[in-house]
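Next up, structure02.cif (mmCIF, C-alpha atoms and all ligand atoms):
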```
data_structure
loop_
_atom_site.group_PDB
_atom_site.id
_atom_site.type_symbol
_atom_site.label_atom_id
_atom_site.label_comp_id
_atom_site.auth_asym_id
_atom_site.auth_seq_id
_atom_site.Cartn_x
_atom_site.Cartn_y
_atom_site.Cartn_z
ATOM 1 C CA ASP A 1 -27.007 -2.370 7.231
ATOM 2 C CA GLN A 2 -24.910 0.541 6.080
ATOM 3 C CA LEU A 3 -23.420 0.314 2.624
ATOM 4 C CA TYR A 4 -19.733 0.333 1.734
ATOM 5 C CA ALA A 5 -17.924 -0.754 -1.426
ATOM 6 C CA VAL A 6 -14.653 -0.970 -3.280
ATOM 7 C CA VAL A 7 -14.439 0.704 -6.699
ATOM 8 C CA GLY A 8 -11.928 -0.340 -9.344
ATOM 9 C CA HIS A 9 -11.507 -1.616 -12.878
ATOM 10 C CA PRO A 10 -11.257 -4.578 -13.029
ATOM 11 C CA ILE A 11 -12.722 -5.476 -9.626
ATOM 12 C CA SER A 12 -13.869 -9.101 -9.741
ATOM 13 C CA HIS A 13 -10.710 -10.439 -8.062
ATOM 14 C CA SER A 14 -10.749 -7.906 -5.219
ATOM 15 C CA LYS A 15 -10.457 -9.463 -1.770
ATOM 16 C CA SER A 16 -11.882 -6.357 -0.083
ATOM 17 C CA PRO A 17 -15.511 -7.589 0.072
ATOM 18 C CA ARG A 18 -14.340 -10.791 1.734
ATOM 19 C CA ILE A 19 -12.085 -8.914 4.182
ATOM 20 C CA HIS A 20 -14.708 -6.351 5.178
ATOM 21 C CA SER A 21 -17.427 -8.994 5.529
ATOM 22 C CA LEU A 22 -15.171 -10.823 7.988
ATOM 23 C CA PHE A 23 -14.517 -7.563 9.858
ATOM 24 C CA ALA A 24 -18.285 -6.882 10.012
ATOM 25 C CA ARG A 25 -19.009 -10.367 11.303
ATOM 26 C CA ASN A 26 -16.221 -10.272 13.888
ATOM 27 C CA THR A 27 -17.025 -6.783 15.205
ATOM 28 C CA GLY A 28 -20.818 -6.972 14.904
ATOM 29 C CA GLU A 29 -20.831 -3.692 12.978
ATOM 30 C CA PRO A 30 -23.808 -3.307 10.590
ATOM 31 C CA VAL A 31 -21.695 -3.180 7.430
ATOM 32 C CA GLU A 32 -22.633 -4.446 3.983
ATOM 33 C CA TYR A 33 -19.692 -4.258 1.579
ATOM 34 C CA THR A 34 -19.824 -4.848 -2.178
ATOM 35 C CA ALA A 35 -17.573 -4.446 -5.220
ATOM 36 C CA ILE A 36 -18.320 -1.930 -7.974
ATOM 37 C CA GLN A 37 -16.612 -1.900 -11.349
ATOM 38 C CA ALA A 38 -16.629 1.707 -12.586
ATOM 39 C CA PRO A 39 -16.259 2.342 -16.325
ATOM 40 C CA LEU A 40 -12.757 3.652 -17.068
ATOM 41 C CA GLU A 41 -14.278 7.020 -18.029
ATOM 42 C CA GLY A 42 -16.939 6.952 -15.316
ATOM 43 C CA PHE A 43 -15.247 6.989 -11.928
ATOM 44 C CA GLU A 44 -16.667 10.337 -10.812
ATOM 45 C CA SER A 45 -20.289 9.544 -11.634
ATOM 46 C CA THR A 46 -19.945 6.132 -9.979
ATOM 47 C CA VAL A 47 -18.742 7.787 -6.758
ATOM 48 C CA ARG A 48 -21.473 10.436 -6.812
ATOM 49 C CA GLU A 49 -24.230 7.883 -7.412
ATOM 50 C CA PHE A 50 -22.931 5.687 -4.606
ATOM 51 C CA PHE A 51 -23.097 8.464 -2.028
ATOM 52 C CA GLU A 52 -26.414 9.811 -3.401
ATOM 53 C CA ARG A 53 -28.071 6.473 -2.743
ATOM 54 C CA GLY A 54 -26.860 6.510 0.852
ATOM 55 C CA GLY A 55 -23.468 4.797 0.619
ATOM 56 C CA GLN A 56 -21.279 5.487 3.656
ATOM 57 C CA GLY A 57 -17.748 4.843 2.429
ATOM 58 C CA LEU A 58 -15.678 3.658 -0.514
ATOM 59 C CA ASN A 59 -12.360 1.982 -0.980
ATOM 60 C CA VAL A 60 -10.675 2.873 -4.245
ATOM 61 C CA THR A 61 -8.256 0.696 -6.146
ATOM 62 C CA VAL A 62 -6.462 0.508 -9.490
ATOM 63 C CA PRO A 63 -6.661 2.594 -11.644
ATOM 64 C CA PHE A 64 -8.648 5.263 -9.773
ATOM 65 C CA LYS A 65 -6.601 6.192 -6.689
ATOM 66 C CA GLU A 66 -5.251 9.428 -8.156
ATOM 67 C CA GLN A 67 -8.689 10.389 -9.507
ATOM 68 C CA ALA A 68 -10.203 9.789 -6.079
ATOM 69 C CA TRP A 69 -7.607 12.118 -4.586
ATOM 70 C CA LYS A 70 -8.403 14.844 -7.139
ATOM 71 C CA LEU A 71 -12.157 14.473 -6.763
ATOM 72 C CA ALA A 72 -12.192 14.932 -2.992
ATOM 73 C CA GLU A 73 -12.982 18.309 -1.467
ATOM 74 C CA GLN A 74 -10.912 17.532 1.620
ATOM 75 C CA ARG A 75 -7.910 15.311 2.225
ATOM 76 C CA THR A 76 -6.365 13.933 5.376
ATOM 77 C CA ALA A 77 -2.726 14.908 5.867
ATOM 78 C CA ARG A 78 -1.532 11.423 4.964
ATOM 79 C CA ALA A 79 -3.662 11.372 1.811
ATOM 80 C CA GLN A 80 -2.460 14.831 0.837
ATOM 81 C CA LYS A 81 1.140 13.640 0.930
ATOM 82 C CA ALA A 82 0.411 10.314 -0.748
ATOM 83 C CA GLY A 83 -1.061 11.983 -3.845
ATOM 84 C CA ALA A 84 -3.595 9.189 -4.056
ATOM 85 C CA ALA A 85 -6.575 7.990 -2.041
ATOM 86 C CA ASN A 86 -7.815 4.498 -1.261
ATOM 87 C CA THR A 87 -10.562 5.575 1.149
ATOM 88 C CA LEU A 88 -13.458 8.008 0.627
ATOM 89 C CA TYR A 89 -16.292 9.155 2.880
ATOM 90 C CA GLN A 90 -18.446 12.200 3.467
ATOM 91 C CA ASP A 91 -18.058 14.527 6.423
ATOM 92 C CA GLN A 92 -21.032 15.879 8.390
ATOM 93 C CA ASP A 93 -21.648 18.591 5.787
ATOM 94 C CA GLY A 94 -21.578 16.105 2.921
ATOM 95 C CA ALA A 95 -18.118 17.095 1.699
ATOM 96 C CA LEU A 96 -16.152 14.257 0.095
ATOM 97 C CA VAL A 97 -13.064 13.398 2.171
ATOM 98 C CA ALA A 98 -10.097 11.401 0.838
ATOM 99 C CA ASP A 99 -7.851 9.326 3.066
ATOM 100 C CA ASN A 100 -5.010 6.905 2.337
ATOM 101 C CA THR A 101 -4.526 3.927 4.625
ATOM 102 C CA ASP A 102 -1.940 2.024 2.555
ATOM 103 C CA GLY A 103 1.132 3.271 4.401
ATOM 104 C CA ALA A 104 -0.416 2.705 7.799
ATOM 105 C CA GLY A 105 -1.293 -0.812 6.616
ATOM 106 C CA LEU A 106 2.260 -1.570 5.524
ATOM 107 C CA VAL A 107 3.831 -0.232 8.705
ATOM 108 C CA ARG A 108 1.359 -2.103 10.895
ATOM 109 C CA ASP A 109 1.879 -5.374 9.019
ATOM 110 C CA LEU A 110 5.642 -5.076 9.436
ATOM 111 C CA ARG A 111 5.504 -4.017 13.073
ATOM 112 C CA ASP A 112 2.574 -5.955 14.543
ATOM 113 C CA ASN A 113 2.391 -9.079 12.393
ATOM 114 C CA HIS A 114 6.063 -9.614 11.552
ATOM 115 C CA ARG A 115 7.780 -7.838 14.487
ATOM 116 C CA VAL A 116 9.926 -5.783 12.123
ATOM 117 C CA THR A 117 11.183 -2.477 13.513
ATOM 118 C CA LEU A 118 11.739 0.303 10.997
ATOM 119 C CA ALA A 119 13.096 2.682 13.641
ATOM 120 C CA GLY A 120 16.861 2.939 13.153
ATOM 121 C CA ALA A 121 16.819 0.528 10.206
ATOM 122 C CA ARG A 122 18.544 0.932 6.865
ATOM 123 C CA VAL A 123 15.750 0.527 4.330
ATOM 124 C CA LEU A 124 15.945 -0.052 0.574
ATOM 125 C CA ILE A 125 12.767 0.714 -1.354
ATOM 126 C CA LEU A 126 12.523 -0.551 -4.931
ATOM 127 C CA GLY A 127 10.232 1.513 -7.150
ATOM 128 C CA ALA A 128 9.112 5.127 -7.202
ATOM 129 C CA GLY A 129 5.564 5.016 -8.545
ATOM 130 C CA GLY A 130 2.228 5.695 -6.938
ATOM 131 C CA ALA A 131 2.436 2.669 -4.657
ATOM 132 C CA VAL A 132 5.732 3.846 -3.129
ATOM 133 C CA ARG A 133 4.617 7.443 -2.810
ATOM 134 C CA GLY A 134 1.581 6.176 -0.922
ATOM 135 C CA VAL A 135 3.626 4.479 1.804
ATOM 136 C CA LEU A 136 6.676 6.719 2.109
ATOM 137 C CA GLY A 137 5.239 9.143 4.682
ATOM 138 C CA PRO A 138 4.266 6.449 7.199
ATOM 139 C CA ILE A 139 7.631 4.665 6.655
ATOM 140 C CA LEU A 140 9.574 7.867 7.372
ATOM 141 C CA ALA A 141 7.405 8.531 10.425
ATOM 142 C CA GLN A 142 8.915 5.365 11.953
ATOM 143 C CA LYS A 143 12.322 7.109 11.876
ATOM 144 C CA PRO A 144 14.528 4.701 9.950
ATOM 145 C CA ALA A 145 18.250 5.558 9.948
ATOM 146 C CA ALA A 146 18.290 5.668 6.151
ATOM 147 C CA VAL A 147 15.909 5.151 3.249
ATOM 148 C CA THR A 148 17.270 4.593 -0.243
ATOM 149 C CA ILE A 149 14.766 4.722 -3.101
ATOM 150 C CA ALA A 150 16.056 2.798 -6.130
ATOM 151 C CA ASN A 151 14.142 2.956 -9.393
ATOM 152 C CA ARG A 152 14.531 2.109 -13.085
ATOM 153 C CA THR A 153 13.771 5.755 -13.871
ATOM 154 C CA VAL A 154 16.076 7.505 -11.398
ATOM 155 C CA ALA A 155 14.409 10.897 -11.932
ATOM 156 C CA ARG A 156 11.181 9.566 -10.399
ATOM 157 C CA ALA A 157 13.070 8.434 -7.293
ATOM 158 C CA GLU A 158 14.727 11.853 -7.080
ATOM 159 C CA THR A 159 11.334 13.542 -7.295
ATOM 160 C CA LEU A 160 10.108 11.498 -4.336
ATOM 161 C CA VAL A 161 13.210 12.384 -2.324
ATOM 162 C CA GLN A 162 12.501 16.076 -2.923
ATOM 163 C CA LEU A 163 8.820 15.684 -2.119
ATOM 164 C CA PHE A 164 9.522 13.940 1.202
ATOM 165 C CA SER A 165 12.662 15.801 2.272
ATOM 166 C CA GLU A 166 10.734 17.666 4.993
ATOM 167 C CA ASP A 167 9.232 14.430 6.315
ATOM 168 C CA ALA A 168 12.616 12.715 6.526
ATOM 169 C CA GLY A 169 13.800 14.442 9.714
ATOM 170 C CA ASP A 170 17.023 12.723 10.744
ATOM 171 C CA THR A 171 16.520 9.893 8.248
ATOM 172 C CA ARG A 172 19.038 9.943 5.407
ATOM 173 C CA LEU A 173 16.856 9.830 2.287
ATOM 174 C CA ASP A 174 18.377 9.305 -1.139
ATOM 175 C CA ALA A 175 17.667 8.145 -4.681
ATOM 176 C CA CYS A 176 19.567 5.924 -7.106
ATOM 177 C CA GLY A 177 19.272 3.407 -9.928
ATOM 178 C CA PHE A 178 18.970 -0.342 -9.391
ATOM 179 C CA GLU A 179 22.678 -0.944 -10.103
ATOM 180 C CA GLN A 180 23.966 1.174 -7.231
ATOM 181 C CA PRO A 181 23.062 -0.593 -3.960
ATOM 182 C CA ASP A 182 25.685 -3.279 -3.283
ATOM 183 C CA ALA A 183 25.663 -4.028 0.449
ATOM 184 C CA PRO A 184 23.097 -5.654 2.764
ATOM 185 C CA TYR A 185 20.092 -3.676 4.018
ATOM 186 C CA ASP A 186 18.055 -4.315 7.157
ATOM 187 C CA VAL A 187 14.778 -4.093 5.251
ATOM 188 C CA ILE A 188 14.058 -4.260 1.506
ATOM 189 C CA ILE A 189 10.589 -3.299 0.274
ATOM 190 C CA ASN A 190 9.647 -4.117 -3.307
ATOM 191 C CA GLY A 191 7.154 -1.494 -4.463
ATOM 192 C CA THR A 192 7.663 -1.966 -8.197
ATOM 193 C CA SER A 193 5.006 -3.526 -10.385
ATOM 194 C CA ALA A 194 7.727 -5.530 -12.198
ATOM 195 C CA SER A 195 6.382 -8.873 -10.990
ATOM 196 C CA LEU A 196 3.083 -8.222 -12.793
ATOM 197 C CA GLN A 197 5.118 -8.816 -15.951
ATOM 198 C CA GLY A 198 7.070 -11.621 -14.261
ATOM 199 C CA ASP A 199 10.105 -9.292 -14.141
ATOM 200 C CA LEU A 200 12.566 -8.638 -11.347
ATOM 201 C CA PRO A 201 14.008 -5.235 -10.546
ATOM 202 C CA PRO A 202 17.670 -5.838 -11.528
ATOM 203 C CA VAL A 203 19.197 -5.149 -8.135
ATOM 204 C CA SER A 204 22.383 -6.849 -6.910
ATOM 205 C CA GLU A 205 21.997 -9.932 -4.698
ATOM 206 C CA LYS A 206 24.528 -8.247 -2.400
ATOM 207 C CA VAL A 207 21.653 -6.233 -0.903
ATOM 208 C CA ILE A 208 20.496 -9.429 0.819
ATOM 209 C CA GLY A 209 22.145 -10.530 4.053
ATOM 210 C CA VAL A 210 21.068 -13.358 6.362
ATOM 211 C CA ASP A 211 19.193 -10.944 8.612
ATOM 212 C CA THR A 212 17.622 -8.853 5.841
ATOM 213 C CA VAL A 213 13.843 -8.599 5.988
ATOM 214 C CA VAL A 214 12.365 -8.728 2.485
ATOM 215 C CA TYR A 215 8.850 -7.417 1.922
ATOM 216 C CA ASP A 216 7.040 -7.573 -1.412
ATOM 217 C CA MET A 217 4.047 -5.231 -1.494
ATOM 218 C CA MET A 218 2.528 -7.656 -4.025
ATOM 219 C CA TYR A 219 0.961 -10.924 -2.968
ATOM 220 C CA SER A 220 -0.020 -14.095 -4.758
ATOM 221 C CA LEU A 221 -0.918 -17.664 -3.857
ATOM 222 C CA GLN A 222 2.601 -18.782 -4.635
ATOM 223 C CA THR A 223 5.735 -17.062 -3.378
ATOM 224 C CA THR A 224 6.127 -13.852 -5.388
ATOM 225 C CA THR A 225 8.829 -13.633 -8.059
ATOM 226 C CA PHE A 226 10.759 -11.115 -5.990
ATOM 227 C CA ASN A 227 10.542 -13.080 -2.749
ATOM 228 C CA GLN A 228 11.644 -16.264 -4.541
ATOM 229 C CA TRP A 229 14.667 -14.386 -5.867
ATOM 230 C CA ALA A 230 15.444 -13.216 -2.325
ATOM 231 C CA LEU A 231 15.082 -16.746 -0.920
ATOM 232 C CA ASP A 232 17.357 -18.070 -3.663
ATOM 233 C CA HIS A 233 19.994 -15.593 -2.487
ATOM 234 C CA GLY A 234 19.869 -16.500 1.185
ATOM 235 C CA ALA A 235 17.087 -14.356 2.633
ATOM 236 C CA ARG A 236 15.440 -15.948 5.671
ATOM 237 C CA HIS A 237 12.710 -13.417 6.421
ATOM 238 C CA VAL A 238 10.455 -12.931 3.430
ATOM 239 C CA PHE A 239 6.889 -11.558 3.507
ATOM 240 C CA ASP A 240 4.296 -10.709 0.870
ATOM 241 C CA GLY A 241 1.683 -7.967 0.863
ATOM 242 C CA LEU A 242 -1.361 -9.935 2.006
ATOM 243 C CA GLY A 243 -0.969 -8.619 5.541
ATOM 244 C CA MET A 244 -0.706 -5.066 4.205
ATOM 245 C CA LEU A 245 -3.904 -5.608 2.228
ATOM 246 C CA VAL A 246 -5.781 -6.687 5.351
ATOM 247 C CA GLU A 247 -4.220 -3.967 7.516
ATOM 248 C CA GLN A 248 -5.077 -1.151 5.092
ATOM 249 C CA ALA A 249 -8.633 -2.491 5.015
ATOM 250 C CA ALA A 250 -8.744 -2.541 8.816
ATOM 251 C CA GLU A 251 -7.546 1.057 8.964
ATOM 252 C CA SER A 252 -10.283 2.092 6.487
ATOM 253 C CA PHE A 253 -12.852 0.220 8.585
ATOM 254 C CA ARG A 254 -11.598 2.088 11.653
ATOM 255 C CA VAL A 255 -11.821 5.445 9.833
ATOM 256 C CA TRP A 256 -15.424 4.743 8.820
ATOM 257 C CA ARG A 257 -16.748 2.923 11.875
ATOM 258 C CA GLY A 258 -14.522 4.037 14.754
ATOM 259 C CA VAL A 259 -13.842 0.365 15.519
ATOM 260 C CA MET A 260 -10.518 -1.362 14.827
ATOM 261 C CA PRO A 261 -11.147 -4.956 13.736
ATOM 262 C CA GLU A 262 -8.777 -7.783 14.591
ATOM 263 C CA THR A 263 -6.644 -8.594 11.585
ATOM 264 C CA ALA A 264 -4.726 -11.793 12.466
ATOM 265 C CA PRO A 265 -7.716 -14.155 12.089
ATOM 266 C CA VAL A 266 -8.643 -12.502 8.785
ATOM 267 C CA ILE A 267 -5.123 -12.829 7.375
ATOM 268 C CA GLU A 268 -5.146 -16.474 8.392
ATOM 269 C CA GLN A 269 -8.565 -17.007 6.815
ATOM 270 C CA LEU A 270 -7.489 -15.427 3.502
ATOM 271 C CA ARG A 271 -4.447 -17.715 3.279
ATOM 272 C CA THR A 272 -6.725 -20.732 3.437
ATOM 273 C CA ASP A 273 -9.666 -19.405 1.342
HETATM 274 P P1 LIG B 1 2.135 1.744 -9.010
HETATM 275 O O1 LIG B 1 0.838 2.414 -8.675
HETATM 276 O O2 LIG B 1 2.087 0.250 -9.013
HETATM 277 O O3 LIG B 1 3.255 2.274 -8.219
HETATM 278 P P2 LIG B 1 3.301 3.147 -11.218
HETATM 279 O O4 LIG B 1 3.084 4.492 -10.628
HETATM 280 O O5 LIG B 1 3.085 2.955 -12.681
HETATM 281 O O6 LIG B 1 2.346 2.080 -10.559
HETATM 282 O O7 LIG B 1 4.779 2.650 -10.807
HETATM 283 C C1 LIG B 1 5.278 1.405 -11.169
HETATM 284 C C2 LIG B 1 6.642 1.226 -10.565
HETATM 285 O O8 LIG B 1 7.169 -0.056 -10.946
HETATM 286 C C3 LIG B 1 7.668 2.227 -11.058
HETATM 287 O O9 LIG B 1 8.653 2.390 -10.066
HETATM 288 C C4 LIG B 1 8.231 1.518 -12.283
HETATM 289 O O10 LIG B 1 9.502 1.968 -12.681
HETATM 290 P P3 LIG B 1 9.621 3.285 -13.615
HETATM 291 O O11 LIG B 1 9.354 4.452 -12.724
HETATM 292 O O12 LIG B 1 11.029 3.256 -14.108
HETATM 293 O O13 LIG B 1 8.605 3.108 -14.700
HETATM 294 C C5 LIG B 1 8.332 0.128 -11.739
HETATM 295 N N1 LIG B 1 8.351 -0.913 -12.788
HETATM 296 C C6 LIG B 1 7.324 -1.287 -13.567
HETATM 297 N N2 LIG B 1 7.700 -2.291 -14.383
HETATM 298 C C7 LIG B 1 8.999 -2.555 -14.111
HETATM 299 C C8 LIG B 1 9.943 -3.496 -14.607
HETATM 300 N N3 LIG B 1 9.615 -4.377 -15.563
HETATM 301 N N4 LIG B 1 11.187 -3.492 -14.075
HETATM 302 C C9 LIG B 1 11.512 -2.629 -13.096
HETATM 303 N N5 LIG B 1 10.655 -1.705 -12.586
HETATM 304 C C10 LIG B 1 9.422 -1.674 -13.086
#
```

Would you mind writing the file out in structure tokens?
Ligand code: ATR
Amino acid sequence: DQLYAVVGHPISHSKSPRIHSLFARNTGEPVEYTAIQAPLEGFESTVREFFERGGQGLNVTVPFKEQAWKLAEQRTARAQKAGAANTLYQDQDGALVADNTDGAGLVRDLRDNHRVTLAGARVLILGAGGAVRGVLGPILAQKPAAVTIANRTVARAETLVQLFSEDAGDTRLDACGFEQPDAPYDVIINGTSASLQGDLPPVSEKVIGVDTVVYDMMYSLQTTTFNQWALDHGARHVFDGLGMLVEQAAESFRVWRGVMPETAPVIEQLRTD
């Protein structure tokens, strides 16, 4: 079998080995996929050792995605724009290539698994950190009518608006604080890490209408804090990030193996694991 792995710190709770093992079984691809915890100061040597002993591809997770991006000698266009990489491999000459499949995973989960159309939609994105930067390009490529980035630190949202102004095309792209949005959106995406601390981004409940699609990029066994808040304020279409997790993994698998695995059975399996 050919060797793949996910690198992070901590890594023991990663679902990637489970996901990729299911992909390997379902596609028949000769893939062995493990988890590697790199020391916080030892990401680079961990990556080099992995490829030196014949490893074929790595996924990268918290807190190393920016380091992976910097380390790579080449970047795909989507990784370049994302400023972070979740997928590494070597090209034919042995050069380290960085890719980012997070945004493709989010868009595919919305479109294919939840039948949510971003084209023409008015989208509110909460947060302006690395996670949001990573998905903004693929979201804009769907041609929403408008994308508003709201963040606690407004300057970070403004920086993203500047960075992606060329990608926005006809999409109206703007930045604000959490207090500003006060009317229903078609789609709300929570990309803050507030729920890790059990916090909610303090956005008005007026952003939720009966037809609003609410998507939390986080996932947990129970309904996420943000999605529960949305449900409590009348939202009827609420999704967490488990589908995104599986879809970004599938896109990495496709990049490495040239084979797109089926995701629906794997998402279903993970819900019942
Ligand atoms: P990530 O890779 O998860 O995006 P990050 O780059 O540190 O990590 O960004 C975290 C995001 O969550 C930011 O938008 C952050 O807001 P600030 O830019 O103002 O720091 C947001 N965030 C984190 N904790 C939050 C909280 N308790 N309430 C609201 N927003 C929070």

Mind running chain A against ligand LIG 1 (chain B) at 10 Å and telling me each contacting residue's nearest atom pair with the distance in Å (one decimal), counting all atoms listed in the file, chain and number ascending, as JSON lines?
```
{"residue": "A:Thr61", "atom": "CA", "partner": "B:LIG1", "partner_atom": "O1", "distance": 9.6}
{"residue": "A:Val62", "atom": "CA", "partner": "B:LIG1", "partner_atom": "O1", "distance": 7.6}
{"residue": "A:Pro63", "atom": "CA", "partner": "B:LIG1", "partner_atom": "O1", "distance": 8.1}
{"residue": "A:Phe64", "atom": "CA", "partner": "B:LIG1", "partner_atom": "O1", "distance": 10.0}
{"residue": "A:Lys65", "atom": "CA", "partner": "B:LIG1", "partner_atom": "O1", "distance": 8.6}
{"residue": "A:Glu66", "atom": "CA", "partner": "B:LIG1", "partner_atom": "O1", "distance": 9.3}
{"residue": "A:Ala84", "atom": "CA", "partner": "B:LIG1", "partner_atom": "O1", "distance": 9.3}
{"residue": "A:Ile125", "atom": "CA", "partner": "B:LIG1", "partner_atom": "O9", "distance": 9.8}
{"residue": "A:Leu126", "atom": "CA", "partner": "B:LIG1", "partner_atom": "O9", "distance": 7.1}
{"residue": "A:Gly127", "atom": "CA", "partner": "B:LIG1", "partner_atom": "O9", "distance": 3.4}
{"residue": "A:Ala128", "atom": "CA", "partner": "B:LIG1", "partner_atom": "O9", "distance": 4.0}
{"residue": "A:Gly129", "atom": "CA", "partner": "B:LIG1", "partner_atom": "O4", "distance": 3.3}
{"residue": "A:Gly130", "atom": "CA", "partner": "B:LIG1", "partner_atom": "O3", "distance": 3.8}
{"residue": "A:Ala131", "atom": "CA", "partner": "B:LIG1", "partner_atom": "O3", "distance": 3.7}
{"residue": "A:Val132", "atom": "CA", "partner": "B:LIG1", "partner_atom": "O3", "distance": 5.9}
{"residue": "A:Arg133", "atom": "CA", "partner": "B:LIG1", "partner_atom": "O3", "distance": 7.6}
{"residue": "A:Gly134", "atom": "CA", "partner": "B:LIG1", "partner_atom": "O3", "distance": 8.4}
{"residue": "A:Ile149", "atom": "CA", "partner": "B:LIG1", "partner_atom": "O9", "distance": 9.6}
{"residue": "A:Ala150", "atom": "CA", "partner": "B:LIG1", "partner_atom": "O9", "distance": 8.4}
{"residue": "A:Asn151", "atom": "CA", "partner": "B:LIG1", "partner_atom": "O9", "distance": 5.6}
{"residue": "A:Arg152", "atom": "CA", "partner": "B:LIG1", "partner_atom": "O12", "distance": 3.8}
{"residue": "A:Thr153", "atom": "CA", "partner": "B:LIG1", "partner_atom": "O12", "distance": 3.7}
{"residue": "A:Val154", "atom": "CA", "partner": "B:LIG1", "partner_atom": "O12", "distance": 7.1}
{"residue": "A:Ala155", "atom": "CA", "partner": "B:LIG1", "partner_atom": "O11", "distance": 8.2}
{"residue": "A:Arg156", "atom": "CA", "partner": "B:LIG1", "partner_atom": "O11", "distance": 5.9}
{"residue": "A:Ala157", "atom": "CA", "partner": "B:LIG1", "partner_atom": "O11", "distance": 7.7}
{"residue": "A:Gly177", "atom": "CA", "partner": "B:LIG1", "partner_atom": "O12", "distance": 9.2}
{"residue": "A:Phe178", "atom": "CA", "partner": "B:LIG1", "partner_atom": "C9", "distance": 8.6}
{"residue": "A:Asn190", "atom": "CA", "partner": "B:LIG1", "partner_atom": "O8", "distance": 9.0}
{"residue": "A:Gly191", "atom": "CA", "partner": "B:LIG1", "partner_atom": "O3", "distance": 6.6}
{"residue": "A:Thr192", "atom": "CA", "partner": "B:LIG1", "partner_atom": "O8", "distance": 3.4}
{"residue": "A:Ser193", "atom": "CA", "partner": "B:LIG1", "partner_atom": "O8", "distance": 4.1}
{"residue": "A:Ala194", "atom": "CA", "partner": "B:LIG1", "partner_atom": "C7", "distance": 3.8}
{"residue": "A:Ser195", "atom": "CA", "partner": "B:LIG1", "partner_atom": "N3", "distance": 7.2}
{"residue": "A:Leu196", "atom": "CA", "partner": "B:LIG1", "partner_atom": "N2", "distance": 7.7}
{"residue": "A:Gln197", "atom": "CA", "partner": "B:LIG1", "partner_atom": "N3", "distance": 6.3}
{"residue": "A:Gly198", "atom": "CA", "partner": "B:LIG1", "partner_atom": "N3", "distance": 7.8}
{"residue": "A:Asp199", "atom": "CA", "partner": "B:LIG1", "partner_atom": "N3", "distance": 5.1}
{"residue": "A:Leu200", "atom": "CA", "partner": "B:LIG1", "partner_atom": "N4", "distance": 6.0}
{"residue": "A:Pro201", "atom": "CA", "partner": "B:LIG1", "partner_atom": "C9", "distance": 4.4}
{"residue": "A:Pro202", "atom": "CA", "partner": "B:LIG1", "partner_atom": "C9", "distance": 7.1}
{"residue": "A:Val203", "atom": "CA", "partner": "B:LIG1", "partner_atom": "C9", "distance": 9.5}
{"residue": "A:Met217", "atom": "CA", "partner": "B:LIG1", "partner_atom": "O2", "distance": 9.5}
{"residue": "A:Met218", "atom": "CA", "partner": "B:LIG1", "partner_atom": "O2", "distance": 9.4}
```

| request: Give as a PyMOL selection string the residues that the PyMOL selection byres (((chain A and resi 161-163) around 7) and not hetatm) matches when applied to the coordinates above. | output: chain A and resi 157-160+164-165+173-175

| field | Residue with smallest distance to Met244 in chain A - pool A:Leu124, A:Leu106, A:Ala264, A:Leu231, counting only C-alpha atoms | value | A:Leu106

Convert the output of the PyMOL selection byres (((chain A and resi 258-263) around 12) and not hetatm) on the shown file into explicit residues, formatted as an mmCIF file with C-alpha atoms, keeping the file's coordinate frame.
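Output file expr_14.cif follows:
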```
data_model
loop_
_atom_site.group_PDB
_atom_site.id
_atom_site.type_symbol
_atom_site.label_atom_id
_atom_site.label_comp_id
_atom_site.auth_asym_id
_atom_site.auth_seq_id
_atom_site.Cartn_x
_atom_site.Cartn_y
_atom_site.Cartn_z
ATOM 1 C CA ILE A 19 -12.085 -8.914 4.182
ATOM 2 C CA HIS A 20 -14.708 -6.351 5.178
ATOM 3 C CA SER A 21 -17.427 -8.994 5.529
ATOM 4 C CA LEU A 22 -15.171 -10.823 7.988
ATOM 5 C CA PHE A 23 -14.517 -7.563 9.858
ATOM 6 C CA ALA A 24 -18.285 -6.882 10.012
ATOM 7 C CA ARG A 25 -19.009 -10.367 11.303
ATOM 8 C CA ASN A 26 -16.221 -10.272 13.888
ATOM 9 C CA THR A 27 -17.025 -6.783 15.205
ATOM 10 C CA GLY A 28 -20.818 -6.972 14.904
ATOM 11 C CA GLU A 29 -20.831 -3.692 12.978
ATOM 12 C CA PRO A 30 -23.808 -3.307 10.590
ATOM 13 C CA VAL A 31 -21.695 -3.180 7.430
ATOM 14 C CA GLY A 105 -1.293 -0.812 6.616
ATOM 15 C CA ARG A 108 1.359 -2.103 10.895
ATOM 16 C CA ASP A 109 1.879 -5.374 9.019
ATOM 17 C CA ASP A 112 2.574 -5.955 14.543
ATOM 18 C CA ASN A 113 2.391 -9.079 12.393
ATOM 19 C CA LEU A 242 -1.361 -9.935 2.006
ATOM 20 C CA GLY A 243 -0.969 -8.619 5.541
ATOM 21 C CA MET A 244 -0.706 -5.066 4.205
ATOM 22 C CA LEU A 245 -3.904 -5.608 2.228
ATOM 23 C CA VAL A 246 -5.781 -6.687 5.351
ATOM 24 C CA GLU A 247 -4.220 -3.967 7.516
ATOM 25 C CA GLN A 248 -5.077 -1.151 5.092
ATOM 26 C CA ALA A 249 -8.633 -2.491 5.015
ATOM 27 C CA ALA A 250 -8.744 -2.541 8.816
ATOM 28 C CA GLU A 251 -7.546 1.057 8.964
ATOM 29 C CA SER A 252 -10.283 2.092 6.487
ATOM 30 C CA PHE A 253 -12.852 0.220 8.585
ATOM 31 C CA ARG A 254 -11.598 2.088 11.653
ATOM 32 C CA VAL A 255 -11.821 5.445 9.833
ATOM 33 C CA TRP A 256 -15.424 4.743 8.820
ATOM 34 C CA ARG A 257 -16.748 2.923 11.875
ATOM 35 C CA ALA A 264 -4.726 -11.793 12.466
ATOM 36 C CA PRO A 265 -7.716 -14.155 12.089
ATOM 37 C CA VAL A 266 -8.643 -12.502 8.785
ATOM 38 C CA ILE A 267 -5.123 -12.829 7.375
ATOM 39 C CA GLU A 268 -5.146 -16.474 8.392
ATOM 40 C CA GLN A 269 -8.565 -17.007 6.815
ATOM 41 C CA LEU A 270 -7.489 -15.427 3.502
#
```
